[in-house]
Each structure stands twice: as structure tokens, then as C-alpha cells.
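**Q** What follows is target_30.cif; its format and atoms are mmCIF, C-alpha atoms and all ligand atoms.
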data_input
loop_
_atom_site.group_PDB
_atom_site.id
_atom_site.type_symbol
_atom_site.label_atom_id
_atom_site.label_comp_id
_atom_site.auth_asym_id
_atom_site.auth_seq_id
_atom_site.Cartn_x
_atom_site.Cartn_y
_atom_site.Cartn_z
ATOM 1 C CA ARG A 155 -12.610 2.769 27.091
ATOM 2 C CA ALA A 156 -13.616 -0.189 24.956
ATOM 3 C CA SER A 157 -12.284 -0.648 21.421
ATOM 4 C CA HIS A 158 -14.451 1.227 18.965
ATOM 5 C CA ALA A 159 -14.712 2.721 15.498
ATOM 6 C CA LYS A 160 -15.643 6.339 14.946
ATOM 7 C CA ILE A 161 -17.163 7.181 11.585
ATOM 8 C CA GLU A 162 -16.808 10.762 10.374
ATOM 9 C CA HIS A 163 -17.963 12.260 7.080
ATOM 10 C CA ASP A 164 -14.696 11.568 5.269
ATOM 11 C CA ARG A 165 -12.871 8.986 7.405
ATOM 12 C CA VAL A 166 -13.006 6.155 9.923
ATOM 13 C CA LYS A 167 -10.954 6.112 13.099
ATOM 14 C CA LEU A 168 -10.209 2.855 14.847
ATOM 15 C CA PHE A 169 -9.397 2.793 18.553
ATOM 16 C CA LEU A 170 -8.179 -0.279 20.393
ATOM 17 C CA CYS A 171 -8.720 -0.327 24.131
ATOM 18 C CA SER A 172 -4.963 -0.810 24.652
ATOM 19 C CA GLY A 173 -4.291 2.573 22.975
ATOM 20 C CA GLU A 174 -3.446 1.739 19.342
ATOM 21 C CA THR A 175 -5.231 3.725 16.648
ATOM 22 C CA ALA A 176 -5.655 3.839 12.878
ATOM 23 C CA GLU A 177 -7.254 6.384 10.611
ATOM 24 C CA ILE A 178 -8.582 5.620 7.138
ATOM 25 C CA LEU A 179 -9.919 8.108 4.599
ATOM 26 C CA LEU A 180 -12.900 7.031 2.511
ATOM 27 C CA TYR A 181 -11.010 8.667 -0.351
ATOM 28 C CA GLY A 182 -8.929 5.791 -1.685
ATOM 29 C CA ALA A 183 -9.618 3.846 1.518
ATOM 30 C CA THR A 184 -6.193 5.311 2.278
ATOM 31 C CA ILE A 185 -4.829 4.499 5.709
ATOM 32 C CA ILE A 186 -3.259 7.799 6.784
ATOM 33 C CA SER A 187 -2.239 6.957 10.333
ATOM 34 C CA TRP A 188 -1.325 3.895 12.369
ATOM 35 C CA LYS A 189 -0.190 4.434 15.924
ATOM 36 C CA ALA A 190 1.209 1.535 17.914
ATOM 37 C CA GLY A 191 3.653 1.314 20.778
ATOM 38 C CA GLY A 192 3.066 5.019 21.372
ATOM 39 C CA GLU A 193 4.441 6.029 17.962
ATOM 40 C CA GLU A 194 3.175 6.931 14.519
ATOM 41 C CA ARG A 195 4.188 4.088 12.186
ATOM 42 C CA LEU A 196 3.270 5.547 8.781
ATOM 43 C CA PHE A 197 4.849 8.437 6.943
ATOM 44 C CA LEU A 198 2.386 11.055 5.729
ATOM 45 C CA SER A 199 3.700 14.021 3.763
ATOM 46 C CA GLU A 200 2.875 17.325 5.424
ATOM 47 C CA LYS A 201 1.834 18.526 1.961
ATOM 48 C CA ALA A 202 -0.408 15.536 1.252
ATOM 49 C CA ALA A 203 -3.873 16.476 -0.014
ATOM 50 C CA LEU A 204 -6.463 14.827 2.238
ATOM 51 C CA ASP A 205 -9.491 16.455 0.603
ATOM 52 C CA GLY A 206 -9.923 14.024 -2.267
ATOM 53 C CA SER A 207 -8.293 16.283 -4.837
ATOM 54 C CA LYS A 208 -5.413 13.878 -5.531
ATOM 55 C CA ALA A 209 -3.935 10.581 -4.324
ATOM 56 C CA VAL A 210 -2.549 10.824 -0.798
ATOM 57 C CA ARG A 211 1.241 11.191 -0.540
ATOM 58 C CA GLY A 212 1.873 8.839 2.318
ATOM 59 C CA GLY A 213 0.085 6.311 4.463
ATOM 60 C CA VAL A 214 -1.124 3.290 2.519
ATOM 61 C CA PRO A 215 -2.599 4.174 -0.883
ATOM 62 C CA LEU A 216 -4.035 1.138 -2.690
ATOM 63 C CA VAL A 217 -2.860 0.402 -6.198
ATOM 64 C CA PHE A 218 -5.483 -1.260 -8.470
ATOM 65 C CA PRO A 219 -5.950 -2.342 -11.276
ATOM 66 C CA VAL A 220 -2.573 -1.263 -12.680
ATOM 67 C CA PHE A 221 0.837 -0.657 -11.109
ATOM 68 C CA GLY A 222 2.537 2.326 -12.724
ATOM 69 C CA LYS A 223 1.424 3.079 -16.300
ATOM 70 C CA SER A 224 0.720 0.308 -18.761
ATOM 71 C CA SER A 225 0.903 0.282 -22.524
ATOM 72 C CA ASN A 226 -0.841 -2.027 -24.981
ATOM 73 C CA HIS A 227 -3.089 -3.279 -22.224
ATOM 74 C CA PRO A 228 -6.771 -2.697 -21.331
ATOM 75 C CA THR A 229 -5.580 -0.572 -18.375
ATOM 76 C CA ASP A 230 -3.474 1.749 -20.514
ATOM 77 C CA LYS A 231 -5.942 4.652 -20.430
ATOM 78 C CA LEU A 232 -5.900 4.728 -16.626
ATOM 79 C CA PRO A 233 -3.653 7.103 -14.708
ATOM 80 C CA GLN A 234 -0.553 5.822 -12.908
ATOM 81 C CA HIS A 235 -1.455 3.243 -10.206
ATOM 82 C CA GLY A 236 -5.102 3.024 -11.303
ATOM 83 C CA PHE A 237 -8.262 4.333 -9.673
ATOM 84 C CA ALA A 238 -8.580 2.611 -6.283
ATOM 85 C CA ARG A 239 -6.507 5.281 -4.549
ATOM 86 C CA THR A 240 -8.506 8.133 -6.063
ATOM 87 C CA SER A 241 -12.046 6.800 -5.684
ATOM 88 C CA ARG A 242 -14.340 7.270 -2.728
ATOM 89 C CA TRP A 243 -15.009 3.905 -1.091
ATOM 90 C CA GLU A 244 -18.079 2.877 0.887
ATOM 91 C CA ILE A 245 -17.959 1.638 4.423
ATOM 92 C CA LEU A 246 -19.504 -1.812 4.671
ATOM 93 C CA ASP A 247 -21.146 -2.302 8.032
ATOM 94 C CA THR A 248 -18.974 -5.182 9.136
ATOM 95 C CA ALA A 249 -16.807 -3.527 11.791
ATOM 96 C CA THR A 250 -16.384 -5.856 14.763
ATOM 97 C CA GLU A 251 -15.123 -4.864 18.142
ATOM 98 C CA SER A 252 -13.242 -6.849 20.735
ATOM 99 C CA GLU A 253 -10.405 -6.482 23.185
ATOM 100 C CA GLU A 254 -7.859 -7.906 20.716
ATOM 101 C CA PHE A 255 -8.727 -6.301 17.423
ATOM 102 C CA ILE A 256 -10.945 -3.894 15.583
ATOM 103 C CA ASN A 257 -11.789 -4.139 11.922
ATOM 104 C CA VAL A 258 -13.490 -2.159 9.193
ATOM 105 C CA ASP A 259 -14.342 -3.224 5.646
ATOM 106 C CA PHE A 260 -14.626 -0.922 2.653
ATOM 107 C CA GLY A 261 -16.215 -1.659 -0.703
ATOM 108 C CA LEU A 262 -15.621 -0.328 -4.200
ATOM 109 C CA GLY A 263 -17.486 -1.173 -7.391
ATOM 110 C CA PRO A 264 -18.251 0.399 -10.781
ATOM 111 C CA GLU A 265 -21.054 2.475 -9.206
ATOM 112 C CA ASN A 266 -18.423 4.346 -7.153
ATOM 113 C CA LEU A 267 -16.325 5.362 -10.169
ATOM 114 C CA THR A 268 -16.568 8.532 -12.211
ATOM 115 C CA VAL A 269 -17.973 8.341 -15.731
ATOM 116 C CA ASP A 270 -14.486 9.082 -17.074
ATOM 117 C CA THR A 271 -12.883 6.251 -15.110
ATOM 118 C CA ARG A 272 -15.584 3.849 -16.277
ATOM 119 C CA LYS A 273 -14.738 4.786 -19.847
ATOM 120 C CA GLN A 274 -11.053 4.195 -19.192
ATOM 121 C CA TRP A 275 -11.635 0.719 -17.708
ATOM 122 C CA PRO A 276 -15.148 -0.571 -18.437
ATOM 123 C CA PHE A 277 -15.017 -3.904 -16.588
ATOM 124 C CA ASP A 278 -17.339 -5.069 -13.820
ATOM 125 C CA PHE A 279 -15.608 -5.714 -10.553
ATOM 126 C CA GLY A 280 -16.137 -5.756 -6.825
ATOM 127 C CA LEU A 281 -13.478 -4.951 -4.243
ATOM 128 C CA ILE A 282 -13.630 -5.470 -0.505
ATOM 129 C CA TYR A 283 -10.788 -3.952 1.482
ATOM 130 C CA SER A 284 -10.480 -5.055 5.064
ATOM 131 C CA VAL A 285 -8.362 -3.187 7.616
ATOM 132 C CA THR A 286 -7.732 -4.758 11.006
ATOM 133 C CA LEU A 287 -5.868 -3.182 13.886
ATOM 134 C CA THR A 288 -4.366 -5.340 16.613
ATOM 135 C CA LYS A 289 -2.087 -4.370 19.479
ATOM 136 C CA THR A 290 1.055 -5.094 17.449
ATOM 137 C CA SER A 291 -0.056 -5.153 13.816
ATOM 138 C CA LEU A 292 -1.904 -3.587 10.954
ATOM 139 C CA GLN A 293 -3.575 -6.213 8.786
ATOM 140 C CA THR A 294 -4.930 -5.440 5.337
ATOM 141 C CA LYS A 295 -6.702 -7.726 2.919
ATOM 142 C CA LEU A 296 -8.070 -7.106 -0.549
ATOM 143 C CA LEU A 297 -10.759 -9.271 -2.076
ATOM 144 C CA VAL A 298 -11.267 -8.892 -5.821
ATOM 145 C CA ARG A 299 -14.152 -10.345 -7.793
ATOM 146 C CA ASN A 300 -14.944 -10.401 -11.475
ATOM 147 C CA GLU A 301 -18.637 -9.515 -11.567
ATOM 148 C CA GLY A 302 -18.820 -9.092 -15.322
ATOM 149 C CA GLN A 303 -19.396 -11.267 -18.359
ATOM 150 C CA GLU A 304 -15.834 -11.212 -19.677
ATOM 151 C CA PRO A 305 -12.427 -12.002 -18.205
ATOM 152 C CA TRP A 306 -10.012 -9.231 -17.228
ATOM 153 C CA GLU A 307 -6.708 -8.966 -15.371
ATOM 154 C CA PHE A 308 -5.142 -6.680 -12.825
ATOM 155 C CA ASN A 309 -2.219 -5.650 -10.610
ATOM 156 C CA ALA A 310 -2.731 -4.842 -6.942
ATOM 157 C CA LEU A 311 -0.351 -3.354 -4.415
ATOM 158 C CA PHE A 312 -0.376 -1.883 -0.923
ATOM 159 C CA HIS A 313 1.803 1.225 -1.403
ATOM 160 C CA THR A 314 2.898 1.407 2.232
ATOM 161 C CA TYR A 315 4.943 4.411 3.392
ATOM 162 C CA LEU A 316 6.610 3.145 6.562
ATOM 163 C CA ARG A 317 7.894 5.733 9.000
ATOM 164 C CA VAL A 318 11.503 5.126 10.045
ATOM 165 C CA PRO A 319 13.677 7.157 12.431
ATOM 166 C CA ASP A 320 16.555 7.432 9.913
ATOM 167 C CA VAL A 321 16.418 5.672 6.555
ATOM 168 C CA THR A 322 20.243 5.552 6.332
ATOM 169 C CA LYS A 323 20.271 3.406 9.454
ATOM 170 C CA VAL A 324 17.807 0.738 8.371
ATOM 171 C CA ALA A 325 18.155 -2.405 6.317
ATOM 172 C CA VAL A 326 15.573 -4.440 4.453
ATOM 173 C CA THR A 327 16.116 -8.159 4.904
ATOM 174 C CA GLY A 328 14.594 -11.153 3.147
ATOM 175 C CA LEU A 329 15.487 -10.132 -0.409
ATOM 176 C CA LYS A 330 18.826 -11.877 -0.948
ATOM 177 C CA GLY A 331 18.909 -13.877 -4.175
ATOM 178 C CA VAL A 332 15.683 -12.294 -5.443
ATOM 179 C CA THR A 333 15.547 -10.866 -8.977
ATOM 180 C CA TYR A 334 14.468 -7.256 -9.201
ATOM 181 C CA ARG A 335 13.591 -4.711 -11.867
ATOM 182 C CA ASP A 336 15.462 -1.534 -11.147
ATOM 183 C CA LYS A 337 13.260 1.399 -12.149
ATOM 184 C CA VAL A 338 16.124 3.828 -11.409
ATOM 185 C CA GLN A 339 18.107 1.973 -14.132
ATOM 186 C CA GLY A 340 15.303 2.008 -16.706
ATOM 187 C CA GLY A 341 13.902 -1.331 -15.566
ATOM 188 C CA ALA A 342 17.159 -3.309 -15.841
ATOM 189 C CA GLU A 343 17.058 -6.712 -14.157
ATOM 190 C CA ALA A 344 19.478 -7.559 -11.389
ATOM 191 C CA THR A 345 19.738 -9.983 -8.495
ATOM 192 C CA GLU A 346 19.875 -8.817 -4.902
ATOM 193 C CA GLU A 347 23.265 -9.798 -3.506
ATOM 194 C CA SER A 348 22.837 -8.532 0.015
ATOM 195 C CA ASP A 349 20.927 -9.974 2.897
ATOM 196 C CA LYS A 350 20.727 -6.404 4.242
ATOM 197 C CA LEU A 351 19.591 -3.868 1.657
ATOM 198 C CA THR A 352 20.565 -0.388 2.828
ATOM 199 C CA ILE A 353 19.398 2.924 1.392
ATOM 200 C CA ALA A 354 21.902 5.646 0.496
ATOM 201 C CA SER A 355 20.413 7.060 -2.713
ATOM 202 C CA GLU A 356 17.222 6.842 -4.749
ATOM 203 C CA VAL A 357 15.821 3.309 -4.736
ATOM 204 C CA ASP A 358 12.884 2.125 -6.843
ATOM 205 C CA ARG A 359 12.875 -1.628 -7.273
ATOM 206 C CA VAL A 360 10.323 -4.308 -7.978
ATOM 207 C CA TYR A 361 11.476 -7.512 -6.297
ATOM 208 C CA VAL A 362 9.845 -10.357 -8.185
ATOM 209 C CA LYS A 363 8.526 -13.465 -6.411
ATOM 210 C CA VAL A 364 9.909 -12.840 -2.959
ATOM 211 C CA PRO A 365 9.865 -16.184 -1.136
ATOM 212 C CA GLY A 366 9.491 -15.272 2.535
ATOM 213 C CA THR A 367 9.096 -12.623 5.168
ATOM 214 C CA VAL A 368 10.629 -9.202 4.603
ATOM 215 C CA LYS A 369 11.764 -7.140 7.566
ATOM 216 C CA VAL A 370 12.915 -3.599 8.145
ATOM 217 C CA GLU A 371 15.654 -3.541 10.737
ATOM 218 C CA ASP A 372 17.353 -0.769 12.634
ATOM 219 C CA ILE A 373 20.982 -1.659 11.966
ATOM 220 C CA GLU A 374 22.402 0.598 14.686
ATOM 221 C CA VAL A 375 20.259 -0.681 17.498
ATOM 222 C CA GLY A 376 19.974 -4.136 15.967
ATOM 223 C CA LYS A 377 16.243 -4.481 16.302
ATOM 224 C CA THR A 378 13.391 -5.250 13.948
ATOM 225 C CA LEU A 379 11.221 -2.226 13.229
ATOM 226 C CA TYR A 380 8.671 -3.916 10.962
ATOM 227 C CA THR A 381 7.907 -7.461 9.863
ATOM 228 C CA VAL A 382 6.025 -7.661 6.573
ATOM 229 C CA GLU A 383 4.121 -10.902 6.004
ATOM 230 C CA ARG A 384 2.328 -11.416 2.716
ATOM 231 C CA SER A 385 -0.416 -13.705 1.609
ATOM 232 C CA ASN A 386 -0.893 -14.366 -2.123
ATOM 233 C CA LEU A 387 1.225 -11.322 -3.001
ATOM 234 C CA ASP A 388 4.380 -12.398 -4.823
ATOM 235 C CA ASP A 389 6.222 -9.135 -5.175
ATOM 236 C CA VAL A 390 7.743 -6.454 -2.974
ATOM 237 C CA VAL A 391 8.502 -2.931 -4.165
ATOM 238 C CA VAL A 392 11.087 -0.888 -2.278
ATOM 239 C CA TRP A 393 10.964 2.840 -2.937
ATOM 240 C CA ASN A 394 12.678 5.900 -1.538
ATOM 241 C CA PRO A 395 12.819 8.991 -3.768
ATOM 242 C CA TRP A 396 15.875 10.395 -1.929
ATOM 243 C CA GLU A 397 16.583 13.957 -3.098
ATOM 244 C CA LYS A 398 14.086 13.615 -5.931
ATOM 245 C CA ALA A 399 11.565 14.203 -3.148
ATOM 246 C CA LYS A 400 12.214 17.908 -3.834
ATOM 247 C CA THR A 401 10.665 17.494 -7.278
ATOM 248 C CA ILE A 402 7.506 15.849 -5.925
ATOM 249 C CA ALA A 403 5.086 18.748 -5.421
ATOM 250 C CA ASP A 404 3.156 17.215 -2.512
ATOM 251 C CA PHE A 405 6.171 15.772 -0.680
ATOM 252 C CA GLY A 406 7.089 17.549 2.525
ATOM 253 C CA PRO A 407 9.185 18.333 4.361
ATOM 254 C CA GLU A 408 11.857 18.301 1.629
ATOM 255 C CA ASP A 409 14.109 16.054 3.695
ATOM 256 C CA GLY A 410 11.158 13.891 4.794
ATOM 257 C CA TYR A 411 12.538 11.060 2.640
ATOM 258 C CA LYS A 412 14.944 10.425 5.513
ATOM 259 C CA ASN A 413 12.022 9.336 7.661
ATOM 260 C CA MET A 414 10.264 7.074 5.206
ATOM 261 C CA LEU A 415 10.695 3.865 3.317
ATOM 262 C CA CYS A 416 8.070 2.392 1.069
ATOM 263 C CA VAL A 417 7.949 -1.381 1.385
ATOM 264 C CA GLU A 418 5.043 -2.361 -0.804
ATOM 265 C CA ALA A 419 3.554 -5.829 -0.999
ATOM 266 C CA GLY A 420 1.825 -6.554 -4.256
ATOM 267 C CA SER A 421 1.055 -8.655 -7.269
ATOM 268 C CA VAL A 422 2.592 -6.483 -9.967
ATOM 269 C CA SER A 423 5.241 -8.391 -11.912
ATOM 270 C CA SER A 424 2.637 -10.225 -13.952
ATOM 271 C CA TRP A 425 -1.085 -9.725 -14.573
ATOM 272 C CA GLN A 426 -3.467 -11.588 -12.312
ATOM 273 C CA PRO A 427 -6.085 -13.174 -14.598
ATOM 274 C CA MET A 428 -9.731 -13.096 -13.489
ATOM 275 C CA GLU A 429 -12.182 -15.438 -15.123
ATOM 276 C CA VAL A 430 -15.876 -14.555 -15.078
ATOM 277 C CA GLY A 431 -17.205 -14.931 -11.535
ATOM 278 C CA SER A 432 -13.811 -15.668 -9.997
ATOM 279 C CA PHE A 433 -12.406 -14.335 -6.727
ATOM 280 C CA TRP A 434 -8.870 -13.406 -5.720
ATOM 281 C CA GLU A 435 -7.622 -12.441 -2.303
ATOM 282 C CA GLY A 436 -4.293 -11.013 -1.179
ATOM 283 C CA GLY A 437 -3.166 -9.444 2.050
ATOM 284 C CA VAL A 438 -0.343 -8.111 4.129
ATOM 285 C CA THR A 439 0.262 -7.943 7.848
ATOM 286 C CA ILE A 440 2.773 -5.443 9.177
ATOM 287 C CA SER A 441 3.883 -6.118 12.731
ATOM 288 C CA ILE A 442 6.020 -4.046 15.024
HETATM 289 O O1 LIG A 501 5.913 2.060 -5.992
HETATM 290 C C1 LIG A 501 6.955 2.859 -6.439
HETATM 291 C C2 LIG A 501 6.445 3.883 -7.403
HETATM 292 O O2 LIG A 501 5.792 3.297 -8.479
HETATM 293 C C3 LIG A 501 7.652 4.733 -7.836
HETATM 294 O O3 LIG A 501 8.049 4.463 -9.136
HETATM 295 C C4 LIG A 501 7.245 6.150 -7.521
HETATM 296 O O4 LIG A 501 7.026 6.934 -8.598
HETATM 297 C C5 LIG A 501 6.094 5.987 -6.553
HETATM 298 O O5 LIG A 501 5.504 4.748 -6.786
HETATM 299 C C6 LIG A 501 5.078 7.095 -6.395
HETATM 300 O O6 LIG A 501 4.130 7.159 -7.395
HETATM 301 P P1 LIG A 501 3.040 8.301 -7.373
HETATM 302 O O7 LIG A 501 2.138 8.037 -8.550
HETATM 303 O O8 LIG A 501 2.310 8.175 -6.071
HETATM 304 O O9 LIG A 501 3.770 9.604 -7.474
#
Before anything else, please render the file you have as C-alpha cells.
Ligand code: TA6

**A**
Amino acid sequence: RASHAKIEHDRVKLFLCSGETAEILLYGATIISWKAGGEERLFLSEKAALDGSKAVRGGVPLVFPVFGKSSNHPTDKLPQHGFARTSRWEILDTATESEEFINVDFGLGPENLTVDTRKQWPFDFGLIYSVTLTKTSLQTKLLVRNEGQEPWEFNALFHTYLRVPDVTKVAVTGLKGVTYRDKVQGGAEATEESDKLTIASEVDRVYVKVPGTVKVEDIEVGKTLYTVERSNLDDVVVWNPWEKAKTIADFGPEDGYKNMLCVEAGSVSSWQPMEVGSFWEGGVTISI
């Protein structure tokens, strides 16, 4: 069958004629499944709420306009990670179909936000989120525009929960020499010494201004599981809650942290300024 998109009341499913699929909820424009090479590539908690009652635990939630919680900043009334992941996006009718790729674009603007969220962050903005599935990659792109009469600033991040066979047997490469803020150590700064970051306990780090391509490798088999290529996104967050997963109400199964690793491309270490009428675009391609 030809590549096609199937639109349901709460989600879009993308099918490539070669067999790859992706599934995106309108809620948060959250990608909840990406299948390629015959395997599911994203981790989705079995306890994740998919009904729009809370941000999805797994897949690719979008972080905008604030990463974490801010203080003394115009975003400081917003909940952790902002509103993009908890708002219902619109499908823009720009899906294109071909043998090689299939794409869908989502839009979010002030008209899609709740009255409460508007009060918490009253700026005028337009977002276009583009998701493209190819045979070997998942490509995501976020376009941000200031549509108001005053400047504002934001963080953006693709909070990607990668599925891995065994997190203790993978390494993240491409971070050596990069400064990071260690959220497990209260935000202390350190420099990555290793060219192969391995995970053996809780990890929550913001790597600041990562110069090149980051990869997730299977160190036992010696093969690359994922290649993460960023465009206009300086920072990379690496997160695994380890046994703290037990304390996260919607995280399941309890030992599911062994099968996930968040490698999150973003612009979060400093605020991205947006002059009136200006555009910003950032994106990430994850290849298998
Ligand atoms: O990106 C890492 C992080 O900010 C961690 O600090 C961790 O708390 C995680 O995101 C999940 O946040 P959430 O709001 O989805 O529970």
C-alpha cells in the first residue's frame, strides 16, 4: 500500500509504504510511537495518560516556552516544561505523501490555549511543528514566530524518550569536553570527561553547547542504535530516572527505566530572544 496518513479524532498515524510507522497525539503533538526496522523506537510508559489529562510519560513531548520551572522570568507562572505538551494542537493540511517520506504539520497559537494558560503567559506566538517519517529516520522541526507587539523569549526542547534494549549496555557519544549542569547534584557544573557516557544510576544533565552529532551506541554489540543530528539546537539533555522511576506515578513498568534513555535536543541553557515579527527554527533528526 502507498504511504499515507490516517487522521483519527485524537491522533494522526503515518504509514510509509516500506512499513515504518509513527503515531502522534493532537494532545501536545506528542509522538507516542515510531516503528522502524521492525521495532518500536520510542519508550512509552504503560501508565502514560493518553487522554489529554496530563503530559504523556514517554514518546516525544515538546517543551515550550520554558524548560523545567523558571523563577523571576515571564514564564515563571507556567507549569514545568510549559504548555506545548499539554495543549491540543491543530493539524495543518500540509501532509505530503511519497515513496520516501511522509510528513504532517501541526500548529499551535494563543487561540488553542486555555484561559488560565493565557493568563500565565500572555504573549502572542505561532508554532508550527513538523514531523517527517522516512525509512530510517524521524525528523522533527519547530518553527516559532513572535506574532505580538512586544519581544519575548523562550526555551524549546524535544523531550525524546528513546527505547533501548538495556540502558546499562549503551553509551552516549559526542559529549566529551562539553560542560554540563548536573541536576542530580543541584545544578553543579562539570565537564564531561568520557567519550562514552554510560548509565549506571540516575542521570539528569544539561549539556551546554554540544558541538556535533550525538549517538547512542550499543557497547556490547558495538553498533550505533541512534544518531541524533540537531539544527539550531545548542543543548542536549540526558535523563534517566533510574530507581526514582518508582516515585513517578505514571511511570511503568517500575523497571522500565532499563529500557529507556532520554536524549533531548533543545535550546534551554539560555533564553532565545524573539523580536517582534521574528522567526526561529530548530530541529532534530534521529536516525537508526
Ligand atoms: O529533561 C529532564 C527533565 O527535566 C528531568 O529533570 C525530569 O524531571 C524530566 O525532565 C521529566 O519531567 P516531567 O515534568 O515530565 O516529570

**Q** Go ahead and compute the interatomic distance for CA of Pro395 (chain A) and CA of Val370 (chain A), in Å to one decimal.

**A**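 Calculated distance between CA of Pro395 (chain A) and CA of Val370 (chain A) is 17.3 Å.
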
**Q** Any chance you could resolve the PyMOL selection byres (((chain A and resi 220) around 8) and not hetatm) against this file and give the residues as a list in words?

**A**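 Here the PyMOL selection byres (((chain A and resi 220) around 8) and not hetatm) matches Val217, Phe218, Pro219, Phe221, Gly222, Lys223, Ser224, Thr229, Leu232, Gln234, His235, Gly236, Phe308, Asn309, Ala310 and Val422 of chain A.
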
**Q** Would you give the centre and edge lengths, in Å to one decimal, of a box along x, y and z around the listed atoms of region 385-394 of chain A, with 5 Å added to each side, as JSON?

**A**
{"center_x": 5.9, "center_y": -4.2, "center_z": -1.8, "size_x": 23.6, "size_y": 30.3, "size_z": 16.8}

**Q** Would you please work out which residue, of A:Thr268, A:Asp336, A:Ala399, A:Asp278, is nearest to Arg211 (chain A) when using only C-alpha atoms?

**A**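 Of all the options, A:Ala399 lies closest to Arg211 (chain A).
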
**Q** What do you get, as a ChimeraX atom specification, if you spell out every residue that the PyMOL selection byres (((chain A and resi 194-208) around 6) and not hetatm) selects here?

**A** /A:181,187-189,193,209-213,315-317,404-406,414
